[in-house]
$ cat final.pdb   # PDB, C-alpha atoms
ATOM      1  CA  LEU A   1    -147.012 -99.076  46.257
ATOM      2  CA  PRO A   2    -150.271-100.998  45.527
ATOM      3  CA  THR A   3    -150.637 -99.225  42.153
ATOM      4  CA  ASP A   4    -146.916 -99.115  41.294
ATOM      5  CA  ARG A   5    -145.533-101.189  38.474
ATOM      6  CA  ILE A   6    -143.054-103.123  40.616
ATOM      7  CA  TYR A   7    -146.033-104.391  42.595
ATOM      8  CA  MET A   8    -148.822-104.556  40.009
ATOM      9  CA  GLN A   9    -146.568-106.249  37.431
ATOM     10  CA  ALA A  10    -144.242-107.976  39.853
ATOM     11  CA  ARG A  11    -143.527-111.095  37.828
ATOM     12  CA  ASP A  12    -139.843-110.186  37.615
ATOM     13  CA  SER A  13    -139.467-108.403  40.975
ATOM     14  CA  PHE A  14    -137.920-111.392  42.693
ATOM     15  CA  VAL A  15    -137.561-111.783  46.439
ATOM     16  CA  ILE A  16    -135.066-114.161  48.065
ATOM     17  CA  PRO A  17    -136.041-113.844  51.756
ATOM     18  CA  LYS A  18    -133.207-115.811  53.354
ATOM     19  CA  TYR A  19    -130.683-113.455  51.766
ATOM     20  CA  LYS A  20    -132.895-110.369  52.076
ATOM     21  CA  LEU A  21    -132.516-109.725  48.360
ATOM     22  CA  ILE A  22    -134.952-108.032  45.978
ATOM     23  CA  PHE A  23    -133.769-108.472  42.406
ATOM     24  CA  PHE A  24    -135.282-106.827  39.344
ATOM     25  CA  ALA A  25    -134.761-109.098  36.321
ATOM     26  CA  PHE A  26    -135.193-107.581  32.862
ATOM     27  CA  PRO A  27    -135.888-109.553  29.660
ATOM     28  CA  LYS A  28    -132.844-109.791  27.373
ATOM     29  CA  VAL A  29    -130.519-109.178  30.337
ATOM     30  CA  ALA A  30    -129.749-112.799  31.262
ATOM     31  CA  CYS A  31    -133.014-113.038  33.193
ATOM     32  CA  SER A  32    -133.275-116.801  32.561
ATOM     33  CA  GLU A  33    -129.833-117.328  34.095
ATOM     34  CA  TRP A  34    -130.743-115.323  37.172
ATOM     35  CA  LYS A  35    -133.930-117.324  37.569
ATOM     36  CA  LYS A  36    -131.825-120.476  37.495
ATOM     37  CA  MET A  37    -129.596-119.058  40.213
ATOM     38  CA  PHE A  38    -132.512-118.054  42.426
ATOM     39  CA  MET A  39    -134.147-121.451  41.961
ATOM     40  CA  ARG A  40    -130.901-123.041  43.076
ATOM     41  CA  MET A  41    -130.590-120.690  46.046
ATOM     42  CA  ASN A  42    -134.153-121.613  47.029
ATOM     43  CA  GLY A  43    -133.413-125.337  46.876
ATOM     44  CA  ASN A  44    -135.601-125.900  43.802
ATOM     45  CA  LYS A  45    -134.101-129.076  42.350
ATOM     46  CA  HIS A  46    -135.389-128.224  38.878
ATOM     47  CA  TRP A  47    -133.064-125.234  38.497
ATOM     48  CA  CYS A  48    -131.111-126.937  35.719
ATOM     49  CA  LYS A  49    -134.165-127.802  33.600
ATOM     50  CA  VAL A  50    -134.309-124.494  31.751
ATOM     51  CA  ASP A  51    -133.807-126.112  28.360
ATOM     52  CA  ALA A  52    -135.896-129.206  29.061
ATOM     53  CA  ILE A  53    -138.799-129.742  26.681
ATOM     54  CA  GLY A  54    -142.054-128.742  28.326
ATOM     55  CA  PHE A  55    -140.416-126.889  31.222
ATOM     56  CA  ASP A  56    -140.892-123.118  31.118
ATOM     57  CA  ILE A  57    -138.671-121.420  33.690
ATOM     58  CA  HIS A  58    -140.608-118.176  33.324
ATOM     59  CA  LYS A  59    -143.799-119.670  34.760
ATOM     60  CA  PRO A  60    -144.104-118.919  38.494
ATOM     61  CA  GLU A  61    -145.481-122.400  39.141
ATOM     62  CA  ASN A  62    -142.207-123.804  37.816
ATOM     63  CA  ASN A  63    -139.598-121.423  39.191
ATOM     64  CA  LYS A  64    -141.443-120.960  42.514
ATOM     65  CA  ILE A  65    -139.602-117.690  43.162
ATOM     66  CA  LEU A  66    -141.388-115.189  45.386
ATOM     67  CA  THR A  67    -142.105-111.691  44.059
ATOM     68  CA  LEU A  68    -143.026-108.415  45.760
ATOM     69  CA  ALA A  69    -146.680-109.122  44.976
ATOM     70  CA  ASP A  70    -146.556-112.138  47.287
ATOM     71  CA  TYR A  71    -146.332-109.743  50.223
ATOM     72  CA  PRO A  72    -148.898-107.255  51.557
ATOM     73  CA  ALA A  73    -148.280-103.849  49.982
ATOM     74  CA  GLU A  74    -147.177-102.237  53.243
ATOM     75  CA  ILE A  75    -144.647-105.021  53.895
ATOM     76  CA  ALA A  76    -143.313-104.843  50.325
ATOM     77  CA  ALA A  77    -142.906-101.058  50.674
ATOM     78  CA  ALA A  78    -140.966-101.526  53.914
ATOM     79  CA  MET A  79    -138.702-104.072  52.209
ATOM     80  CA  MET A  80    -138.043-101.577  49.411
ATOM     81  CA  THR A  81    -136.838 -98.940  51.869
ATOM     82  CA  SER A  82    -135.231-100.986  54.650
ATOM     83  CA  PRO A  83    -131.423-100.835  55.016
ATOM     84  CA  LEU A  84    -131.567-104.515  55.969
ATOM     85  CA  TRP A  85    -132.511-105.477  52.410
ATOM     86  CA  THR A  86    -130.424-105.392  49.231
ATOM     87  CA  ARG A  87    -132.243-104.194  46.124
ATOM     88  CA  ALA A  88    -130.411-105.020  42.895
ATOM     89  CA  ALA A  89    -130.755-104.890  39.127
ATOM     90  CA  ILE A  90    -128.559-105.779  36.169
ATOM     91  CA  VAL A  91    -128.936-103.529  33.126
ATOM     92  CA  ARG A  92    -127.677-103.805  29.562
ATOM     93  CA  GLU A  93    -126.499-101.233  27.045
ATOM     94  CA  PRO A  94    -129.843-100.236  25.422
ATOM     95  CA  LYS A  95    -128.829-100.539  21.762
ATOM     96  CA  GLU A  96    -127.222-103.924  22.362
ATOM     97  CA  ARG A  97    -130.297-105.134  24.207
ATOM     98  CA  LEU A  98    -132.607-103.936  21.424
ATOM     99  CA  LEU A  99    -130.479-105.694  18.806
ATOM    100  CA  SER A 100    -130.534-108.855  20.901
ATOM    101  CA  ALA A 101    -134.332-108.684  21.049
ATOM    102  CA  PHE A 102    -134.503-108.288  17.272
ATOM    103  CA  LEU A 103    -132.167-111.198  16.557
ATOM    104  CA  ASP A 104    -133.970-113.462  18.988
ATOM    105  CA  LYS A 105    -137.588-112.495  18.380
ATOM    106  CA  ALA A 106    -137.574-111.490  14.712
ATOM    107  CA  ILE A 107    -134.768-113.522  13.131
ATOM    108  CA  ASN A 108    -134.776-116.749  15.145
ATOM    109  CA  GLU A 109    -138.548-117.082  15.444
ATOM    110  CA  ASP A 110    -141.835-115.509  14.346
ATOM    111  CA  TYR A 111    -142.459-113.858  17.720
ATOM    112  CA  PHE A 112    -142.227-110.315  16.304
ATOM    113  CA  VAL A 113    -144.654-111.154  13.511
ATOM    114  CA  ARG A 114    -147.180-112.535  16.016
ATOM    115  CA  LYS A 115    -146.703-109.872  18.672
ATOM    116  CA  CYS A 116    -146.450-106.837  16.392
ATOM    117  CA  CYS A 117    -147.180-107.213  12.695
ATOM    118  CA  ARG A 118    -150.406-109.157  13.108
ATOM    119  CA  LYS A 119    -151.638-106.721  15.731
ATOM    120  CA  ILE A 120    -151.444-103.744  13.388
ATOM    121  CA  PRO A 121    -155.056-102.647  12.650
ATOM    122  CA  ASN A 122    -156.583-104.181   9.526
ATOM    123  CA  ARG A 123    -157.315-100.684   8.221
ATOM    124  CA  LYS A 124    -153.539-100.328   7.889
ATOM    125  CA  LYS A 125    -153.246-103.196   5.426
ATOM    126  CA  ARG A 126    -150.171-101.854   3.683
ATOM    127  CA  ASP A 127    -148.231-101.456   6.934
ATOM    128  CA  LYS A 128    -149.418-104.837   8.105
ATOM    129  CA  ALA A 129    -148.158-106.492   4.914
ATOM    130  CA  LEU A 130    -144.839-104.620   4.917
ATOM    131  CA  CYS A 131    -144.230-105.472   8.549
ATOM    132  CA  GLU A 132    -144.588-109.199   7.867
ATOM    133  CA  LYS A 133    -142.668-109.064   4.599
ATOM    134  CA  ASN A 134    -139.709-107.185   6.061
ATOM    135  CA  HIS A 135    -139.783-108.583   9.592
ATOM    136  CA  LYS A 136    -136.171-109.737   9.369
ATOM    137  CA  LYS A 137    -134.893-106.259   8.541
ATOM    138  CA  PHE A 138    -133.733-104.290  11.560
ATOM    139  CA  GLY A 139    -134.848-100.964  10.072
ATOM    140  CA  SER A 140    -138.355-102.291   9.571
ATOM    141  CA  PHE A 141    -138.420-103.683  13.090
ATOM    142  CA  LEU A 142    -137.534-100.267  14.523
ATOM    143  CA  LYS A 143    -140.027 -98.486  12.266
ATOM    144  CA  PHE A 144    -143.062-100.492  13.305
ATOM    145  CA  VAL A 145    -142.206-100.734  16.992
ATOM    146  CA  LYS A 146    -141.982 -96.936  17.014
ATOM    147  CA  LYS A 147    -144.992 -96.307  14.737
ATOM    148  CA  TYR A 148    -147.323 -98.647  16.656
ATOM    149  CA  PRO A 149    -146.203 -98.350  20.297
ATOM    150  CA  GLU A 150    -149.391 -99.855  21.707
ATOM    151  CA  GLU A 151    -149.919-102.671  19.221
ATOM    152  CA  CYS A 152    -146.223-103.579  19.186
ATOM    153  CA  PHE A 153    -145.505-103.111  22.873
ATOM    154  CA  ASP A 154    -143.464-105.965  24.330
ATOM    155  CA  VAL A 155    -141.353-106.472  27.451
ATOM    156  CA  HIS A 156    -138.385-107.688  25.398
ATOM    157  CA  TRP A 157    -137.792-104.291  23.789
ATOM    158  CA  GLU A 158    -139.504-102.036  26.325
ATOM    159  CA  PRO A 159    -136.910 -99.609  27.822
ATOM    160  CA  GLN A 160    -135.370-100.956  31.020
ATOM    161  CA  VAL A 161    -135.809 -97.678  32.863
ATOM    162  CA  LEU A 162    -139.599 -97.990  32.597
ATOM    163  CA  LYS A 163    -139.684-101.389  34.252
ATOM    164  CA  VAL A 164    -139.150 -99.860  37.687
ATOM    165  CA  ASP A 165    -141.202 -96.877  38.812
ATOM    166  CA  ALA A 166    -139.146 -93.670  38.834
ATOM    167  CA  LYS A 167    -139.657 -93.174  42.571
ATOM    168  CA  TRP A 168    -138.146 -96.592  43.355
ATOM    169  CA  TRP A 169    -134.942 -96.375  41.302
ATOM    170  CA  PRO A 170    -133.128 -94.364  44.043
ATOM    171  CA  TYR A 171    -133.724 -97.265  46.451
ATOM    172  CA  ILE A 172    -131.941 -99.792  44.245
ATOM    173  CA  ASP A 173    -128.550 -99.927  45.921
ATOM    174  CA  PHE A 174    -126.773-102.220  43.462
ATOM    175  CA  VAL A 175    -126.916-101.715  39.685
ATOM    176  CA  GLY A 176    -124.696-104.061  37.727
ATOM    177  CA  HIS A 177    -124.076-104.229  33.992
ATOM    178  CA  GLN A 178    -124.464-107.072  31.557
ATOM    179  CA  GLU A 179    -121.189-106.055  29.907
ATOM    180  CA  ASN A 180    -119.420-106.704  33.212
ATOM    181  CA  LEU A 181    -121.642-109.548  34.359
ATOM    182  CA  ARG A 182    -119.016-111.914  35.712
ATOM    183  CA  GLU A 183    -117.487-109.336  38.053
ATOM    184  CA  ASP A 184    -120.784-107.673  38.993
ATOM    185  CA  ALA A 185    -122.502-110.980  39.732
ATOM    186  CA  LYS A 186    -119.605-111.935  42.000
ATOM    187  CA  THR A 187    -119.726-108.567  43.770
ATOM    188  CA  LEU A 188    -123.456-108.853  44.397
ATOM    189  CA  LEU A 189    -123.452-112.466  45.572
ATOM    190  CA  SER A 190    -120.332-111.978  47.688
ATOM    191  CA  ASN A 191    -122.192-109.430  49.778
ATOM    192  CA  LEU A 192    -125.217-111.602  50.481
ATOM    193  CA  TYR A 193    -125.245-113.624  53.687
ATOM    194  CA  ARG A 194    -127.895-115.439  55.685
ATOM    195  CA  ALA A 195    -128.042-115.751  59.453
ATOM    196  CA  ASP A 196    -128.173-119.549  59.441
ATOM    197  CA  GLU A 197    -125.523-119.993  56.726
ATOM    198  CA  ALA A 198    -122.936-122.693  57.437
ATOM    199  CA  GLU A 199    -119.360-121.562  58.034
ATOM    200  CA  ASP A 200    -116.452-122.625  55.846
ATOM    201  CA  GLU A 201    -113.377-124.534  57.008
ATOM    202  CA  HIS A 202    -111.883-121.319  58.378
ATOM    203  CA  GLY A 203    -114.895-120.545  60.551
ATOM    204  CA  SER A 204    -116.113-117.702  58.318
ATOM    205  CA  PRO A 205    -119.734-117.384  57.153
ATOM    206  CA  GLN A 206    -120.360-118.355  53.540
ATOM    207  CA  SER A 207    -121.750-115.805  51.141
ATOM    208  CA  ALA A 208    -124.141-116.617  48.315
ATOM    209  CA  TRP A 209    -121.102-116.482  46.044
ATOM    210  CA  ASP A 210    -119.215-119.019  48.156
ATOM    211  CA  ARG A 211    -122.165-121.371  48.278
ATOM    212  CA  TYR A 212    -123.542-121.037  44.740
ATOM    213  CA  GLY A 213    -121.676-118.621  42.494
ATOM    214  CA  LYS A 214    -118.243-120.256  42.571
ATOM    215  CA  THR A 215    -119.526-123.501  41.101
ATOM    216  CA  GLY A 216    -121.584-121.747  38.441
ATOM    217  CA  TRP A 217    -124.987-122.464  37.084
ATOM    218  CA  GLY A 218    -124.471-122.846  33.348
ATOM    219  CA  ASN A 219    -125.558-125.578  30.965
ATOM    220  CA  ASP A 220    -122.826-128.045  31.922
ATOM    221  CA  ASN A 221    -124.751-129.439  34.864
ATOM    222  CA  ASP A 222    -125.138-133.186  34.404
ATOM    223  CA  LEU A 223    -127.012-134.759  37.307
ATOM    224  CA  CYS A 224    -127.443-131.307  38.813
ATOM    225  CA  GLU A 225    -130.705-132.340  40.445
ATOM    226  CA  LYS A 226    -128.700-134.732  42.637
ATOM    227  CA  ARG A 227    -126.488-131.995  44.044
ATOM    228  CA  PRO A 228    -126.938-131.370  47.774
ATOM    229  CA  TYR A 229    -127.961-127.764  46.995
TER     230      TYR A 229
END

$ encode --input "final.pdb" --output "structure tokens"
Amino acid sequence: LPTDRIYMQARDSFVIPKYKLIFFAFPKVACSEWKKMFMRMNGNKHWCKVDAIGFDIHKPENNKILTLADYPAEIAAAMMTSPLWTRAAIVREPKERLLSAFLDKAINEDYFVRKCCRKIPNRKKRDKALCEKNHKKFGSFLKFVKKYPEECFDVHWEPQVLKVDAKWWPYIDFVGHQENLREDAKTLLSNLYRADEAEDEHGSPQSAWDRYGKTGWGNDNDLCEKRPY
């Protein structure tokens, strides 16, 4: 495990200890929304500040969500194989995810130009110029990402399957789909309980869905920092 990707690059291998959940969040698969949820589950009162100016939810110092790398390698490996833990991921149809990355990073901003076109070697001046000139054309985007895999590598269009080491995929016991997010999110959260969770009015333990999912965690959260949880 110490040299595996899920541990070496564990920024998105989130751990929610009180629910014994390990969640693999992938860029362009609602990862910001899941970070909001986990912040809320952890009692981080800033969970609703995703769109606030100057607040970057992707920075660990802001979201304060634990990752596998926060644990000793032998403990993290045990968590990845223990039947007491739930290991989950939400995936997205690859072509749809790639198109989403293009629209967001090439059309809506100059991210693709900065992260790809300008990294093409200067000796390839023609390609460099064409990449910048045609950066809002999907065909050009695909061409240069494929032609310069190292220079144009980026987590937003990197294949999802590569984000988890092949040997660890069989241990992920819940794989949901972005296309069925509402139902899959409910299924996942409904099966997460904590030992010290308060019971509802019927004397039944509350799941993560009961406590957090039912009320949602979207943008319509005025005064959300004043909520009790």

$ axis_aligned_box --input "final.pdb" --around "stretch 150-157 of chain A" --padding-each-side "8 Å" --output "lines of an AutoDock Vina configuration file"
center_x = -143.9
center_y = -103.8
center_z = 23.3
size_x = 28.1
size_y = 23.8
size_z = 24.3

$ resolve_selection --input "final.pdb" --expression "the PyMOL selection byres ((chain A and resi 65-76) around 12)" --output "PyMOL selection string"
chain A and resi 1-18+20-25+34-44+47+57-64+77-82+85+87+168

$ atom_distance --input "final.pdb" --atom1 "atom CA of A:Lys167" --atom2 "atom CA of A:Leu99"
28.4 Å

$ atom_distance --input "final.pdb" --atom1 "atom CA of A:Cys31" --atom2 "atom CA of A:Glu151"
24.3 Å

$ closest_residue --input "final.pdb" --among "A:Leu130, A:Leu181, A:Ile120, A:Ile172" --to "A:Phe153" --atoms "all atoms listed in the file"
A:Ile120

$ atom_distance --input "final.pdb" --atom1 "atom CA of A:Trp169" --atom2 "atom CA of A:Glu96"
21.8 Å

$ resolve_selection --input "final.pdb" --expression "the PyMOL selection byres ((chain A and resi 104-119) around 10)" --output "PyMOL selection string"
chain A and resi 28+98-103+120-122+127-138+141+144-145+148-154+156-157

$ write_last_selection --input "final.pdb" --atoms "C-alpha atoms" --output "mmCIF file, keeping the file's coordinate frame"
data_model
loop_
_atom_site.group_PDB
_atom_site.id
_atom_site.type_symbol
_atom_site.label_atom_id
_atom_site.label_comp_id
_atom_site.auth_asym_id
_atom_site.auth_seq_id
_atom_site.Cartn_x
_atom_site.Cartn_y
_atom_site.Cartn_z
ATOM 1 C CA LYS A 28 -132.844 -109.791 27.373
ATOM 2 C CA LEU A 98 -132.607 -103.936 21.424
ATOM 3 C CA LEU A 99 -130.479 -105.694 18.806
ATOM 4 C CA SER A 100 -130.534 -108.855 20.901
ATOM 5 C CA ALA A 101 -134.332 -108.684 21.049
ATOM 6 C CA PHE A 102 -134.503 -108.288 17.272
ATOM 7 C CA LEU A 103 -132.167 -111.198 16.557
ATOM 8 C CA ILE A 120 -151.444 -103.744 13.388
ATOM 9 C CA PRO A 121 -155.056 -102.647 12.650
ATOM 10 C CA ASN A 122 -156.583 -104.181 9.526
ATOM 11 C CA ASP A 127 -148.231 -101.456 6.934
ATOM 12 C CA LYS A 128 -149.418 -104.837 8.105
ATOM 13 C CA ALA A 129 -148.158 -106.492 4.914
ATOM 14 C CA LEU A 130 -144.839 -104.620 4.917
ATOM 15 C CA CYS A 131 -144.230 -105.472 8.549
ATOM 16 C CA GLU A 132 -144.588 -109.199 7.867
ATOM 17 C CA LYS A 133 -142.668 -109.064 4.599
ATOM 18 C CA ASN A 134 -139.709 -107.185 6.061
ATOM 19 C CA HIS A 135 -139.783 -108.583 9.592
ATOM 20 C CA LYS A 136 -136.171 -109.737 9.369
ATOM 21 C CA LYS A 137 -134.893 -106.259 8.541
ATOM 22 C CA PHE A 138 -133.733 -104.290 11.560
ATOM 23 C CA PHE A 141 -138.420 -103.683 13.090
ATOM 24 C CA PHE A 144 -143.062 -100.492 13.305
ATOM 25 C CA VAL A 145 -142.206 -100.734 16.992
ATOM 26 C CA TYR A 148 -147.323 -98.647 16.656
ATOM 27 C CA PRO A 149 -146.203 -98.350 20.297
ATOM 28 C CA GLU A 150 -149.391 -99.855 21.707
ATOM 29 C CA GLU A 151 -149.919 -102.671 19.221
ATOM 30 C CA CYS A 152 -146.223 -103.579 19.186
ATOM 31 C CA PHE A 153 -145.505 -103.111 22.873
ATOM 32 C CA ASP A 154 -143.464 -105.965 24.330
ATOM 33 C CA HIS A 156 -138.385 -107.688 25.398
ATOM 34 C CA TRP A 157 -137.792 -104.291 23.789
#

$ resolve_selection --input "final.pdb" --expression "the PyMOL selection byres ((chain A and resi 93-95) around 8)" --output "PDB file with C-alpha atoms, in the coordinates of the input"
ATOM      1  CA  VAL A  91    -128.936-103.529  33.126  1.00  0.00           C
ATOM      2  CA  ARG A  92    -127.677-103.805  29.562  1.00  0.00           C
ATOM      3  CA  GLU A  96    -127.222-103.924  22.362  1.00  0.00           C
ATOM      4  CA  ARG A  97    -130.297-105.134  24.207  1.00  0.00           C
ATOM      5  CA  LEU A  98    -132.607-103.936  21.424  1.00  0.00           C
ATOM      6  CA  LEU A  99    -130.479-105.694  18.806  1.00  0.00           C
ATOM      7  CA  PRO A 159    -136.910 -99.609  27.822  1.00  0.00           C
ATOM      8  CA  GLN A 160    -135.370-100.956  31.020  1.00  0.00           C
ATOM      9  CA  HIS A 177    -124.076-104.229  33.992  1.00  0.00           C
ATOM     10  CA  GLN A 178    -124.464-107.072  31.557  1.00  0.00           C
ATOM     11  CA  GLU A 179    -121.189-106.055  29.907  1.00  0.00           C
TER      12      GLU A 179
END

$ residues_around --input "final.pdb" --residues "A:Gly176" --least-positions-apart "5" --cutoff "9 Å" --atoms "only C-alpha atoms" --output "PyMOL selection string"
chain A and resi 88-92+181+183-185+188

$ closest_residue --input "final.pdb" --among "A:Phe26, A:Arg123, A:Asn191, A:Glu33" --to "A:Val161" --atoms "all atoms listed in the file"
A:Phe26

$ residues_around --input "final.pdb" --residues "A:Lys186" --least-positions-apart "6" --cutoff "10 Å" --atoms "all atoms listed in the file" --output "list in words"
Ala208, Trp209, Asp210, Gly213 and Lys214 of chain A
